[in-house]
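Enquirer: Contents of start04.cif (mmCIF, C-alpha atoms):
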```cif
data_structure
#
loop_
_atom_site.label_atom_id
_atom_site.label_comp_id
_atom_site.auth_asym_id
_atom_site.auth_seq_id
_atom_site.Cartn_x
_atom_site.Cartn_y
_atom_site.Cartn_z
CA MET A 1 -47.84 -26.13 -10.29
CA ASN A 2 -47.81 -22.78 -12.01
CA ASP A 3 -45.77 -19.80 -10.86
CA ILE A 4 -48.50 -17.76 -9.18
CA VAL A 5 -49.62 -20.67 -6.98
CA GLN A 6 -46.01 -21.39 -6.08
CA HIS A 7 -45.41 -17.74 -5.19
CA LEU A 8 -48.55 -17.59 -3.09
CA LEU A 9 -47.57 -20.73 -1.18
CA LEU A 10 -44.11 -19.33 -0.54
CA PHE A 11 -45.59 -16.07 0.68
CA LEU A 12 -47.96 -18.02 2.91
CA ALA A 13 -45.01 -19.90 4.43
CA VAL A 14 -42.99 -16.80 5.22
CA GLY A 15 -46.11 -14.91 6.35
CA VAL A 16 -47.06 -17.62 8.84
CA ALA A 17 -43.54 -17.57 10.30
CA ILE A 18 -43.49 -13.78 10.61
CA VAL A 19 -46.94 -13.57 12.21
CA THR A 20 -46.32 -16.47 14.61
CA LEU A 21 -43.00 -15.09 15.83
CA GLY A 22 -44.66 -11.67 16.19
CA ALA A 23 -47.42 -13.20 18.29
CA PHE A 24 -44.88 -15.03 20.46
CA TYR A 25 -42.89 -11.86 20.96
CA THR A 26 -45.99 -9.90 21.94
CA ASP A 27 -47.38 -12.43 24.37
CA ALA A 28 -45.30 -14.51 26.73
CA LEU A 29 -48.11 -16.97 27.38
CA ASP A 30 -48.51 -19.72 24.79
CA GLN A 31 -52.24 -20.07 25.03
CA ARG A 32 -52.90 -16.37 24.59
CA ALA A 33 -50.38 -16.14 21.77
CA PHE A 34 -51.97 -19.05 19.90
CA ARG A 35 -55.46 -17.68 20.49
CA ALA A 36 -54.42 -14.38 18.94
CA LEU A 37 -52.92 -16.07 15.86
CA PRO A 38 -56.02 -16.33 13.60
CA LYS A 39 -56.82 -12.64 14.02
CA ARG A 40 -53.19 -11.68 13.46
CA LEU A 41 -52.97 -13.85 10.33
CA VAL A 42 -56.13 -12.32 8.90
CA THR A 43 -54.84 -8.82 9.67
CA PHE A 44 -51.44 -9.53 8.12
CA PHE A 45 -52.67 -11.20 4.94
CA GLY A 46 -55.60 -8.77 4.66
CA GLY A 47 -53.17 -5.87 4.91
CA CYS A 48 -50.92 -7.44 2.29
CA LEU A 49 -53.92 -7.96 0.00
CA LEU A 50 -54.88 -4.31 0.39
CA LEU A 51 -51.32 -3.27 -0.41
CA VAL A 52 -51.34 -5.45 -3.53
CA ALA A 53 -54.63 -3.90 -4.62
CA ILE A 54 -53.23 -0.37 -4.14
CA LEU A 55 -50.07 -1.24 -6.05
CA LEU A 56 -52.06 -2.79 -8.91
CA ILE A 57 -54.32 0.26 -9.12
CA CYS A 58 -51.28 2.56 -9.12
CA GLU A 59 -49.58 0.45 -11.76
CA HIS A 60 -52.70 0.37 -13.92
CA THR A 61 -53.29 4.10 -13.52
CA PHE A 62 -49.80 5.55 -13.70
CA ALA A 63 -47.48 2.97 -15.25
CA SER A 64 -49.54 1.13 -17.84
CA LEU A 65 -48.16 1.61 -21.35
CA SER A 66 -51.58 1.18 -22.91
CA MET B 1 -34.46 -17.08 45.84
CA ALA B 2 -34.93 -13.52 46.94
CA VAL B 3 -33.29 -10.68 45.14
CA ASN B 4 -33.50 -7.14 46.32
CA LEU B 5 -32.79 -5.17 43.21
CA ASP B 6 -32.16 -1.87 44.95
CA GLY B 7 -29.83 -3.35 47.50
CA SER B 8 -27.75 -5.40 45.11
CA LYS B 9 -27.16 -2.96 42.27
CA ARG B 10 -23.49 -2.91 41.41
CA GLY B 11 -23.33 -0.13 38.87
CA ASN B 12 -24.96 1.48 35.89
CA PRO B 13 -26.25 -1.31 33.59
CA ASN B 14 -25.90 0.80 30.43
CA VAL B 15 -22.31 1.71 31.23
CA ALA B 16 -21.52 -1.95 31.91
CA ALA B 17 -23.05 -3.04 28.58
CA LEU B 18 -21.32 -0.26 26.63
CA LEU B 19 -17.94 -1.05 28.18
CA SER B 20 -18.42 -4.69 27.20
CA TRP B 21 -19.23 -3.63 23.65
CA PHE B 22 -15.82 -1.97 23.34
CA VAL B 23 -13.85 -4.54 25.32
CA PRO B 24 -15.52 -7.89 26.12
CA GLY B 25 -15.57 -8.39 29.86
CA ALA B 26 -14.81 -4.74 30.67
CA GLY B 27 -18.36 -4.27 31.90
CA HIS B 28 -17.91 -7.13 34.36
CA VAL B 29 -14.65 -5.65 35.61
CA TYR B 30 -16.49 -2.34 36.08
CA LEU B 31 -19.09 -4.24 38.13
CA GLY B 32 -16.38 -5.83 40.26
CA SER B 33 -16.57 -9.33 38.70
CA PHE B 34 -12.93 -9.69 37.69
CA GLY B 35 -13.09 -13.44 37.16
CA TRP B 36 -16.08 -13.18 34.83
CA GLY B 37 -14.51 -10.25 33.02
CA LEU B 38 -11.24 -12.04 32.40
CA ALA B 39 -12.90 -15.30 31.33
CA LEU B 40 -15.31 -13.55 28.96
CA PHE B 41 -12.53 -11.43 27.49
CA ALA B 42 -10.40 -14.52 26.86
CA LEU B 43 -13.31 -16.44 25.33
CA THR B 44 -14.73 -13.67 23.15
CA ASP B 45 -11.58 -12.00 21.94
CA GLY B 46 -9.82 -15.37 21.76
CA LEU B 47 -12.50 -16.51 19.34
CA TYR B 48 -12.18 -13.29 17.35
CA TRP B 49 -8.38 -13.58 17.27
CA LEU B 50 -8.56 -17.21 16.13
CA GLY B 51 -10.97 -16.16 13.40
CA LEU B 52 -8.59 -13.44 12.24
CA GLN B 53 -5.68 -15.88 12.23
CA LEU B 54 -7.57 -18.39 10.11
CA SER B 55 -9.02 -15.84 7.71
CA HIS B 56 -5.92 -13.61 7.66
CA GLY B 57 -8.30 -10.77 8.47
CA MET B 58 -9.81 -11.00 4.97
CA SER B 59 -13.50 -11.42 5.92
CA PHE B 60 -14.45 -7.95 4.76
CA GLU B 61 -12.63 -8.43 1.45
CA PHE B 62 -15.57 -10.62 0.43
CA LEU B 63 -17.30 -7.36 -0.41
CA ASP B 64 -17.09 -5.93 -3.91
CA PRO B 65 -14.90 -2.82 -3.99
CA GLU B 66 -17.85 -0.46 -4.45
CA LEU B 67 -19.47 -1.85 -1.30
CA ARG B 68 -16.42 -1.39 0.93
CA THR B 69 -17.76 1.47 3.00
CA VAL B 70 -17.92 2.23 6.69
CA VAL B 71 -21.43 0.74 6.75
CA ALA B 72 -20.27 -2.78 5.83
CA PRO B 73 -18.82 -3.79 9.22
CA ILE B 74 -21.85 -2.25 10.96
CA LEU B 75 -24.10 -4.68 9.08
CA SER B 76 -22.04 -7.74 9.92
CA PRO B 77 -22.34 -9.94 13.02
CA GLU B 78 -18.83 -8.87 14.08
CA ILE B 79 -20.24 -5.49 15.13
CA GLY B 80 -21.32 -7.14 18.40
CA ASN B 81 -17.64 -6.90 19.32
CA LEU B 82 -16.92 -3.28 18.48
CA GLY B 83 -13.36 -3.33 19.79
CA GLY B 84 -12.60 -6.38 17.66
CA VAL B 85 -14.07 -4.81 14.52
CA LEU B 86 -12.14 -1.57 15.04
CA TRP B 87 -8.94 -3.55 15.56
CA GLN B 88 -9.61 -5.61 12.45
CA MET B 89 -10.37 -2.53 10.34
CA LYS B 90 -7.23 -0.78 11.61
CA HIS B 91 -4.89 -3.71 10.95
CA PHE B 92 -6.47 -5.44 7.95
CA GLY B 93 -9.18 -3.13 6.61
CA TYR B 94 -10.27 -4.12 3.11
CA GLY B 95 -6.86 -5.48 2.14
CA PRO B 96 -4.25 -4.13 -0.26
CA GLY B 97 -6.81 -3.19 -2.92
CA PHE B 98 -6.13 -5.96 -5.41
CA PRO B 99 -7.60 -9.48 -5.56
CA ARG B 100 -5.62 -12.21 -3.81
CA PRO B 101 -6.33 -15.88 -3.08
CA TRP B 102 -8.38 -16.73 -0.02
CA PRO B 103 -6.53 -18.56 2.74
CA GLU B 104 -7.57 -22.14 3.42
CA GLY B 105 -9.31 -21.28 6.70
CA ILE B 106 -11.26 -18.28 5.39
CA VAL B 107 -14.73 -19.85 5.85
CA LEU B 108 -14.13 -21.12 9.37
CA GLY B 109 -12.17 -18.02 10.36
CA SER B 110 -14.92 -15.74 9.12
CA MET B 111 -17.49 -17.74 11.08
CA LEU B 112 -15.42 -17.60 14.24
CA SER B 113 -15.03 -13.83 14.18
CA ALA B 114 -18.74 -13.47 13.42
CA SER B 115 -19.51 -15.84 16.32
CA ALA B 116 -17.36 -13.67 18.59
CA GLY B 117 -19.59 -10.73 17.66
CA MET B 118 -22.73 -12.67 18.54
CA LEU B 119 -21.14 -13.94 21.73
CA ASN B 120 -20.22 -10.45 22.81
CA GLY B 121 -23.84 -9.40 22.36
CA LEU B 122 -24.65 -12.00 24.98
CA VAL B 123 -21.78 -10.79 27.17
CA MET B 124 -23.29 -7.30 27.02
CA CYS B 125 -26.68 -8.70 28.05
CA HIS B 126 -25.01 -10.51 30.94
CA ALA B 127 -23.24 -7.37 32.11
CA HIS B 128 -26.49 -5.39 31.89
CA THR B 129 -28.42 -8.03 33.82
CA LEU B 130 -25.63 -8.48 36.36
CA ALA B 131 -25.59 -4.77 37.10
CA ARG B 132 -29.28 -4.91 37.97
CA ALA B 133 -29.42 -8.29 39.68
CA GLY B 134 -26.18 -8.11 41.58
CA SER B 135 -25.78 -11.88 41.57
CA SER B 136 -24.18 -13.69 38.65
CA ALA B 137 -26.32 -16.74 39.38
CA VAL B 138 -29.45 -14.68 38.69
CA ALA B 139 -27.92 -12.94 35.67
CA THR B 140 -26.56 -16.06 33.98
CA ARG B 141 -29.76 -18.05 33.52
CA PRO B 142 -31.63 -15.73 31.12
CA VAL B 143 -28.46 -15.12 29.12
CA LEU B 144 -27.72 -18.84 28.91
CA SER B 145 -31.24 -19.44 27.57
CA THR B 146 -30.70 -16.67 25.01
CA ALA B 147 -27.39 -18.21 23.94
CA LEU B 148 -29.13 -21.53 23.42
CA ALA B 149 -31.85 -19.73 21.43
CA TRP B 150 -29.15 -18.40 19.12
CA LEU B 151 -27.40 -21.74 18.74
CA VAL B 152 -30.57 -23.66 17.86
CA PRO B 153 -33.81 -21.74 17.30
CA GLY B 154 -36.32 -22.93 19.89
CA LEU B 155 -33.73 -24.46 22.24
CA GLY B 156 -33.82 -21.43 24.54
CA HIS B 157 -37.58 -21.86 24.93
CA PHE B 158 -37.01 -25.55 25.72
CA HIS B 159 -34.45 -24.58 28.33
CA GLN B 160 -37.07 -22.37 29.96
CA GLY B 161 -39.62 -25.18 29.97
CA ARG B 162 -41.70 -23.69 27.15
CA LYS B 163 -41.56 -26.80 25.00
CA LEU B 164 -44.51 -26.18 22.70
CA ARG B 165 -43.28 -22.69 21.83
CA GLY B 166 -39.77 -24.04 21.33
CA ALA B 167 -40.98 -26.74 18.97
CA VAL B 168 -43.03 -24.25 16.92
CA VAL B 169 -40.10 -21.81 16.70
CA PHE B 170 -37.75 -24.61 15.66
CA VAL B 171 -40.06 -25.98 12.97
CA LEU B 172 -40.89 -22.53 11.56
CA LEU B 173 -37.40 -21.06 11.52
CA VAL B 174 -35.37 -24.13 10.60
CA GLY B 175 -38.07 -25.00 8.05
CA LEU B 176 -37.89 -21.50 6.55
CA PHE B 177 -34.11 -21.66 6.43
CA ALA B 178 -34.14 -25.14 4.85
CA LEU B 179 -36.74 -24.02 2.30
CA GLY B 180 -34.65 -20.97 1.47
CA SER B 181 -31.48 -23.03 1.11
CA ALA B 182 -33.32 -25.50 -1.13
CA MET B 183 -34.66 -22.70 -3.34
CA ALA B 184 -31.23 -21.09 -3.57
CA GLU B 185 -29.77 -24.59 -4.15
CA GLY B 186 -27.24 -23.96 -1.39
CA SER B 187 -25.81 -20.86 -3.03
CA ASN B 188 -26.94 -18.81 -0.02
CA LEU B 189 -24.45 -20.67 2.17
CA SER B 190 -21.52 -18.47 1.26
CA ARG B 191 -20.40 -15.20 2.78
CA GLU B 192 -18.28 -14.51 -0.27
CA ARG B 193 -21.29 -14.63 -2.57
CA HIS B 194 -23.91 -12.93 -0.39
CA PHE B 195 -22.22 -10.91 2.34
CA TYR B 196 -25.30 -9.18 3.76
CA TYR B 197 -27.82 -12.02 3.38
CA TRP B 198 -25.25 -14.26 5.05
CA ALA B 199 -25.11 -11.85 8.00
CA GLY B 200 -28.88 -12.22 8.49
CA GLN B 201 -28.96 -15.97 8.24
CA PHE B 202 -25.93 -16.33 10.54
CA VAL B 203 -28.28 -15.45 13.42
CA MET B 204 -29.82 -18.89 12.83
CA GLY B 205 -26.81 -20.28 14.70
CA LEU B 206 -25.84 -23.92 14.26
CA PRO B 207 -28.26 -24.77 11.43
CA ALA B 208 -26.64 -22.05 9.31
CA ILE B 209 -23.09 -22.81 10.46
CA VAL B 210 -23.32 -26.57 9.95
CA SER B 211 -25.10 -26.17 6.59
CA GLU B 212 -22.37 -23.86 5.39
CA LEU B 213 -19.59 -26.13 6.56
CA VAL B 214 -21.20 -29.11 4.80
CA TRP B 215 -22.66 -27.55 1.65
CA GLY B 216 -21.09 -24.12 1.50
CA GLY B 217 -18.35 -25.00 -0.96
CA MET B 218 -20.60 -25.85 -3.90
CA ARG B 219 -20.06 -24.16 -7.24
CA VAL B 220 -22.81 -22.31 -9.06
CA THR B 221 -22.67 -23.41 -12.67
CA ARG B 222 -26.06 -22.29 -13.96
CA ASP B 223 -28.93 -19.90 -13.31
CA ILE B 224 -30.86 -20.70 -10.15
CA PRO B 225 -34.46 -19.59 -10.78
CA TYR B 226 -35.48 -18.96 -7.17
CA VAL B 227 -32.18 -17.77 -5.77
CA GLU B 228 -33.49 -14.34 -4.67
CA ALA B 229 -36.46 -15.85 -2.86
CA GLY B 230 -34.14 -18.41 -1.25
CA LEU B 231 -31.79 -15.69 -0.03
CA VAL B 232 -34.66 -13.70 1.44
CA PHE B 233 -36.09 -16.77 3.19
CA GLY B 234 -32.74 -17.68 4.75
CA CYS B 235 -32.15 -14.12 5.89
CA VAL B 236 -35.70 -13.67 7.23
CA ALA B 237 -35.36 -16.92 9.20
CA GLY B 238 -32.22 -15.55 10.85
CA LEU B 239 -33.77 -12.17 11.60
CA LEU B 240 -36.87 -13.80 13.06
CA ASN B 241 -34.57 -15.69 15.38
CA VAL B 242 -33.57 -12.31 16.81
CA LEU B 243 -37.22 -11.91 17.78
CA ALA B 244 -37.22 -15.40 19.30
CA MET B 245 -34.04 -14.58 21.25
CA LEU B 246 -35.58 -11.36 22.56
CA ASP B 247 -38.65 -13.34 23.65
CA VAL B 248 -36.42 -15.82 25.49
CA TYR B 249 -34.39 -13.08 27.15
CA ALA B 250 -37.46 -11.09 28.21
CA PHE B 251 -39.05 -14.20 29.69
CA GLY B 252 -35.86 -15.19 31.51
CA GLU B 253 -35.37 -11.66 32.77
CA ALA B 254 -38.96 -11.47 34.02
CA ARG B 255 -38.51 -14.76 35.87
CA ALA B 256 -35.16 -13.74 37.32
CA PHE B 257 -36.43 -10.41 38.61
CA GLY B 258 -39.96 -11.52 39.39
CA TRP B 259 -41.36 -9.10 36.85
CA PRO B 260 -44.76 -9.61 35.28
CA LEU B 261 -44.75 -11.37 31.93
CA LYS B 262 -45.46 -9.37 28.83
CA SER B 263 -48.89 -9.72 27.32
CA GLY B 264 -50.64 -7.85 24.56
CA HIS B 265 -54.05 -8.77 25.91
CA PRO B 266 -56.04 -6.27 27.93
CA ASP B 267 -57.54 -8.99 30.15
CA ALA B 268 -54.20 -10.57 30.94
CA GLY B 269 -53.27 -11.00 34.55
CA SER B 270 -56.33 -12.80 35.74
CA SER B 271 -56.87 -16.42 36.70
CA VAL B 272 -53.48 -17.89 36.07
CA GLN B 273 -51.49 -20.21 38.27
CA SER B 274 -47.90 -21.26 38.62
CA GLY B 275 -46.42 -23.97 36.44
CA HIS B 276 -42.76 -23.15 36.02
CA PRO B 277 -40.05 -25.22 37.64
CA ASP B 278 -38.84 -22.25 39.62
CA ALA B 279 -42.23 -20.75 40.11
CA GLY B 280 -42.87 -19.32 43.47
CA SER B 281 -39.40 -17.87 43.86
CA SER B 282 -39.91 -14.72 45.78
CA VAL B 283 -38.39 -11.57 44.45
CA GLU B 284 -38.47 -8.28 46.23
CA LEU B 285 -38.88 -5.60 43.68
CA GLY B 286 -37.46 -2.20 44.22
CA SER B 287 -38.17 0.89 42.19
CA SER B 288 -36.68 -0.79 39.13
CA ALA B 289 -39.62 -3.13 38.78
CA VAL B 290 -41.52 -1.80 35.83
CA GLU B 291 -44.72 -2.56 34.11
CA ARG B 292 -44.06 -3.30 30.48
CA GLY B 293 -46.45 -3.81 27.59
CA ALA B 294 -50.14 -3.04 27.42
CA SER B 295 -50.84 -5.30 30.32
CA THR B 296 -48.93 -7.84 32.32
CA ILE B 297 -49.15 -11.24 33.94
CA PRO B 298 -47.18 -12.34 36.99
CA SER B 299 -44.03 -14.12 35.83
CA THR B 300 -44.71 -17.25 37.81
CA GLN B 301 -47.68 -18.14 35.63
CA THR B 302 -47.87 -20.05 32.38
CA SER B 303 -50.28 -20.64 29.58
CA GLU B 304 -50.87 -24.24 30.53
CA GLN B 305 -52.70 -23.09 33.63
CA VAL B 306 -54.53 -20.15 32.15
CA SER B 307 -58.13 -20.51 33.04
CA THR B 308 -60.31 -19.34 30.25
#
```
Would you write out, as structure tokens, the structure that this file holds?
Expert:
Amino acid sequence: MNDIVQHLLLFLAVGVAIVTLGAFYTDALDQRAFRALPKRLVTFFGGCLLLVAILLICEHTFASLS
Amino acid sequence: MAVNLDGSKRGNPNVAALLSWFVPGAGHVYLGSFGWGLALFALTDGLYWLGLQLSHGMSFEFLDPELRTVVAPILSPEIGNLGGVLWQMKHFGYGPGFPRPWPEGIVLGSMLSASAGMLNGLVMCHAHTLARAGSSAVATRPVLSTALAWLVPGLGHFHQGRKLRGAVVFVLLVGLFALGSAMAEGSNLSRERHFYYWAGQFVMGLPAIVSELVWGGMRVTRDIPYVEAGLVFGCVAGLLNVLAMLDVYAFGEARAFGWPLKSGHPDAGSSVQSGHPDAGSSVELGSSAVERGASTIPSTQTSEQVST
């Protein structure tokens, strides 16, 4: 397994824990909390992806040595 | 069980909690519960004192000299017992300023004083709840569940009858902590090595304590490639347990006071029926009953009976 896949899997693991605990904290009812999970996961990982894209663009534009 | 919140108020909850922060049990004495106050003082400060005896008050000497600032104790679990921390800083501080050997009981002693800090956080919650509920029987249950949630992630949810949620919390948090410890090859299990990360993962309770007692003494003899990720995972697991503890406390508090349960859904509050063991307990709410969150669901209702 190469590094990037390993890093992505690790991020997935910690992301799932963060989002699930967030959903539990927000909603005291299990069924509602679980129902909200897919949307929350998409929002969280989508937001992270957007952040990565912004950082890569900034790095390419402002920090690239070439 | 009927509780009239207005009629049974014993004092200002914030004052009670603040007093307990300075002197464990002082909040209970302020509320007129001398027995509770004395017992909690003996337990909490006894634990702190035992920790100081075993560690010779050297817990904060784990920090490198450049990190020995006023912020350090604030970011340690001991801060839950402010009086204890102030006493420790006054009498031991950061030591004489030169390196000296650790006493034999430093690991256990450090854990005990940190546990006293966590315990006093729960004592403060109890004082705050007691001031509002009036009855210690009502105040104790949510705090007991929260204590269990600290000791073993998910156990507090189990205690409240929320078994599925408890199992998920346990698997996620203990799994995250185990994964972190595996990546750090156990090097995260040392307060001496990683003072601040250790503080975060200490909130994991027994999994962190037992792991450290069993594997904490290992030597690091080579580079550990994923040590940073492992440290972050262990610490995040502990911090997420704070969220789980807050969830347990809020649920217990809602049940004790008959408050509506918190829900982030706009359509919450419709078509749910009782399923909790103590469901149906009638609580008379005074002016202190508040609506919290975007919308709410009566506390005597659970997900298992939610009609979709």
Enquirer: Report as a PyMOL selection string the residues that result from applying the PyMOL selection byres ((chain A and resi 19-27) around 7) to the structure here.
Expert: (chain A and resi 15-18+28-29+32-33+37+40-41) or (chain B and resi 240+243-244+247+262-264)
Enquirer: Mind writing the picked residues with C-alpha atoms as a short mmCIF file (atom, residue, chain, number, x, y, z; two decimals), in the frame of the given file?
Expert:
```cif
data_model
loop_
_atom_site.label_atom_id
_atom_site.label_comp_id
_atom_site.auth_asym_id
_atom_site.auth_seq_id
_atom_site.Cartn_x
_atom_site.Cartn_y
_atom_site.Cartn_z
CA GLY A 15 -46.11 -14.91 6.35
CA VAL A 16 -47.06 -17.62 8.84
CA ALA A 17 -43.54 -17.57 10.30
CA ILE A 18 -43.49 -13.78 10.61
CA ALA A 28 -45.30 -14.51 26.73
CA LEU A 29 -48.11 -16.97 27.38
CA ARG A 32 -52.90 -16.37 24.59
CA ALA A 33 -50.38 -16.14 21.77
CA LEU A 37 -52.92 -16.07 15.86
CA ARG A 40 -53.19 -11.68 13.46
CA LEU A 41 -52.97 -13.85 10.33
CA LEU B 240 -36.87 -13.80 13.06
CA LEU B 243 -37.22 -11.91 17.78
CA ALA B 244 -37.22 -15.40 19.30
CA ASP B 247 -38.65 -13.34 23.65
CA LYS B 262 -45.46 -9.37 28.83
CA SER B 263 -48.89 -9.72 27.32
CA GLY B 264 -50.64 -7.85 24.56
#
```
Enquirer: Would you translate the PyMOL selection byres ((chain B and resi 225) around 12) into the concrete set of residues it matches in this file, as a ChimeraX atom specification?
Expert: /A:3 /B:182-185,187,222-224,226-231
Enquirer: Could you list the residues chosen by the PyMOL selection byres ((chain B and resi 82) around 12) in this structure as a VMD selection string?
Expert: chain B and resid 17 to 24 44 to 45 48 73 to 81 83 to 89 113 to 114 116 to 121 124
Enquirer: Only C-alpha atoms, please: the residues just picked out, written as a PDB file, in the frame of the given file.
Expert:
```pdb
ATOM      1  CA  ALA B  17     -23.050  -3.040  28.580  1.00  0.00           C
ATOM      2  CA  LEU B  18     -21.320  -0.260  26.630  1.00  0.00           C
ATOM      3  CA  LEU B  19     -17.940  -1.050  28.180  1.00  0.00           C
ATOM      4  CA  SER B  20     -18.420  -4.690  27.200  1.00  0.00           C
ATOM      5  CA  TRP B  21     -19.230  -3.630  23.650  1.00  0.00           C
ATOM      6  CA  PHE B  22     -15.820  -1.970  23.340  1.00  0.00           C
ATOM      7  CA  VAL B  23     -13.850  -4.540  25.320  1.00  0.00           C
ATOM      8  CA  PRO B  24     -15.520  -7.890  26.120  1.00  0.00           C
ATOM      9  CA  THR B  44     -14.730 -13.670  23.150  1.00  0.00           C
ATOM     10  CA  ASP B  45     -11.580 -12.000  21.940  1.00  0.00           C
ATOM     11  CA  TYR B  48     -12.180 -13.290  17.350  1.00  0.00           C
ATOM     12  CA  PRO B  73     -18.820  -3.790   9.220  1.00  0.00           C
ATOM     13  CA  ILE B  74     -21.850  -2.250  10.960  1.00  0.00           C
ATOM     14  CA  LEU B  75     -24.100  -4.680   9.080  1.00  0.00           C
ATOM     15  CA  SER B  76     -22.040  -7.740   9.920  1.00  0.00           C
ATOM     16  CA  PRO B  77     -22.340  -9.940  13.020  1.00  0.00           C
ATOM     17  CA  GLU B  78     -18.830  -8.870  14.080  1.00  0.00           C
ATOM     18  CA  ILE B  79     -20.240  -5.490  15.130  1.00  0.00           C
ATOM     19  CA  GLY B  80     -21.320  -7.140  18.400  1.00  0.00           C
ATOM     20  CA  ASN B  81     -17.640  -6.900  19.320  1.00  0.00           C
ATOM     21  CA  GLY B  83     -13.360  -3.330  19.790  1.00  0.00           C
ATOM     22  CA  GLY B  84     -12.600  -6.380  17.660  1.00  0.00           C
ATOM     23  CA  VAL B  85     -14.070  -4.810  14.520  1.00  0.00           C
ATOM     24  CA  LEU B  86     -12.140  -1.570  15.040  1.00  0.00           C
ATOM     25  CA  TRP B  87      -8.940  -3.550  15.560  1.00  0.00           C
ATOM     26  CA  GLN B  88      -9.610  -5.610  12.450  1.00  0.00           C
ATOM     27  CA  MET B  89     -10.370  -2.530  10.340  1.00  0.00           C
ATOM     28  CA  SER B 113     -15.030 -13.830  14.180  1.00  0.00           C
ATOM     29  CA  ALA B 114     -18.740 -13.470  13.420  1.00  0.00           C
ATOM     30  CA  ALA B 116     -17.360 -13.670  18.590  1.00  0.00           C
ATOM     31  CA  GLY B 117     -19.590 -10.730  17.660  1.00  0.00           C
ATOM     32  CA  MET B 118     -22.730 -12.670  18.540  1.00  0.00           C
ATOM     33  CA  LEU B 119     -21.140 -13.940  21.730  1.00  0.00           C
ATOM     34  CA  ASN B 120     -20.220 -10.450  22.810  1.00  0.00           C
ATOM     35  CA  GLY B 121     -23.840  -9.400  22.360  1.00  0.00           C
ATOM     36  CA  MET B 124     -23.290  -7.300  27.020  1.00  0.00           C
TER      37      MET B 124
END
```
Enquirer: I need the residue nearest Phe44 (chain A) from this list: A:Ile4, A:Val14, A:Leu65, A:Leu9. Use only C-alpha atoms for the distance.
Expert: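 Closest to Phe44 (chain A) of all the choices is A:Val14.
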Enquirer: For a quick check of understanding, using only C-alpha atoms, which of B:Gln160, B:Thr140, B:Ser211, B:Asn188 has the smallest distance to chain A?
Expert: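 Answer, going by the shortest atom-to-atom distance: B:Gln160.
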Enquirer: Please report the interatomic distance between CA of Arg141 (chain B) and CA of Cys235 (chain B) in Å with one decimal.
Expert: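 A separation of 28.0 Å between them.
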Enquirer: When you count only C-alpha atoms, which of these residues is closest to Gln31 (chain A): B:Arg162, B:Gly175, B:Gly97, B:Glu253?
Expert: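 Of all the options, B:Arg162 lies closest to Gln31 (chain A).
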Enquirer: In terms of the shortest atom-to-atom distance over all atoms listed in the file, which of B:Phe195, B:Phe158, B:Phe233, B:Trp215 is closest to Leu176 (chain B)?
Expert: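 With all atoms listed in the file as the atom set, the closest residue is B:Phe233.
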Enquirer: What is the distance between CA of Ala237 (chain B) and CA of Tyr94 (chain B), in Å to one decimal?
Expert: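 Answer for the CA of Ala237 (chain B) to CA of Tyr94 (chain B) separation: 28.8 Å.
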Enquirer: Fewer than 6 positions away in the same chain doesn't count, so skip those; otherwise give me all residues within 12 Å of Cys48 (chain A), counting all atoms listed in the file, as a VMD selection string.
Expert: chain A and resid 8 11 to 12 15 41 to 42 54 to 55
Enquirer: Have a look at CA of Leu173 (chain B) and CA of Met204 (chain B) and let me know their distance in Å, one decimal.
Expert: 8.0 Å
Enquirer: Hey, what's within 12 Å of Ile209 (chain B) if we count only C-alpha atoms and toss same-chain stuff fewer than 5 positions away? As a ChimeraX atom specification, please?
Expert: /B:107-112,114-115,150-152,177,188-191,198-199,201-204,214-216,238
Enquirer: Which residues, protein or nucleic acid, reach to within 12 Å of (-17.8, -3.6, -2.6) in the file's coordinates when using all atoms listed in the file, and can you give that as a PDB file with C-alpha atoms, keeping the file's coordinate frame?
Expert:
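Contents of out.pdb, as written:
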```pdb
ATOM      1  CA  PHE B  60     -14.450  -7.950   4.760  1.00  0.00           C
ATOM      2  CA  GLU B  61     -12.630  -8.430   1.450  1.00  0.00           C
ATOM      3  CA  PHE B  62     -15.570 -10.620   0.430  1.00  0.00           C
ATOM      4  CA  LEU B  63     -17.300  -7.360  -0.410  1.00  0.00           C
ATOM      5  CA  ASP B  64     -17.090  -5.930  -3.910  1.00  0.00           C
ATOM      6  CA  PRO B  65     -14.900  -2.820  -3.990  1.00  0.00           C
ATOM      7  CA  GLU B  66     -17.850  -0.460  -4.450  1.00  0.00           C
ATOM      8  CA  LEU B  67     -19.470  -1.850  -1.300  1.00  0.00           C
ATOM      9  CA  ARG B  68     -16.420  -1.390   0.930  1.00  0.00           C
ATOM     10  CA  THR B  69     -17.760   1.470   3.000  1.00  0.00           C
ATOM     11  CA  VAL B  70     -17.920   2.230   6.690  1.00  0.00           C
ATOM     12  CA  VAL B  71     -21.430   0.740   6.750  1.00  0.00           C
ATOM     13  CA  ALA B  72     -20.270  -2.780   5.830  1.00  0.00           C
ATOM     14  CA  PRO B  73     -18.820  -3.790   9.220  1.00  0.00           C
ATOM     15  CA  TYR B  94     -10.270  -4.120   3.110  1.00  0.00           C
ATOM     16  CA  GLY B  97      -6.810  -3.190  -2.920  1.00  0.00           C
ATOM     17  CA  GLU B 192     -18.280 -14.510  -0.270  1.00  0.00           C
ATOM     18  CA  ARG B 193     -21.290 -14.630  -2.570  1.00  0.00           C
ATOM     19  CA  HIS B 194     -23.910 -12.930  -0.390  1.00  0.00           C
ATOM     20  CA  PHE B 195     -22.220 -10.910   2.340  1.00  0.00           C
ATOM     21  CA  TYR B 196     -25.300  -9.180   3.760  1.00  0.00           C
TER      22      TYR B 196
END
```
Enquirer: Pick from B:Val220, B:Ala137, B:Ala131, B:Val168: nearest to chain A, with all atoms listed in the file counted?
Expert: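 Of the candidates, the smallest distance to chain A is held by B:Val168.
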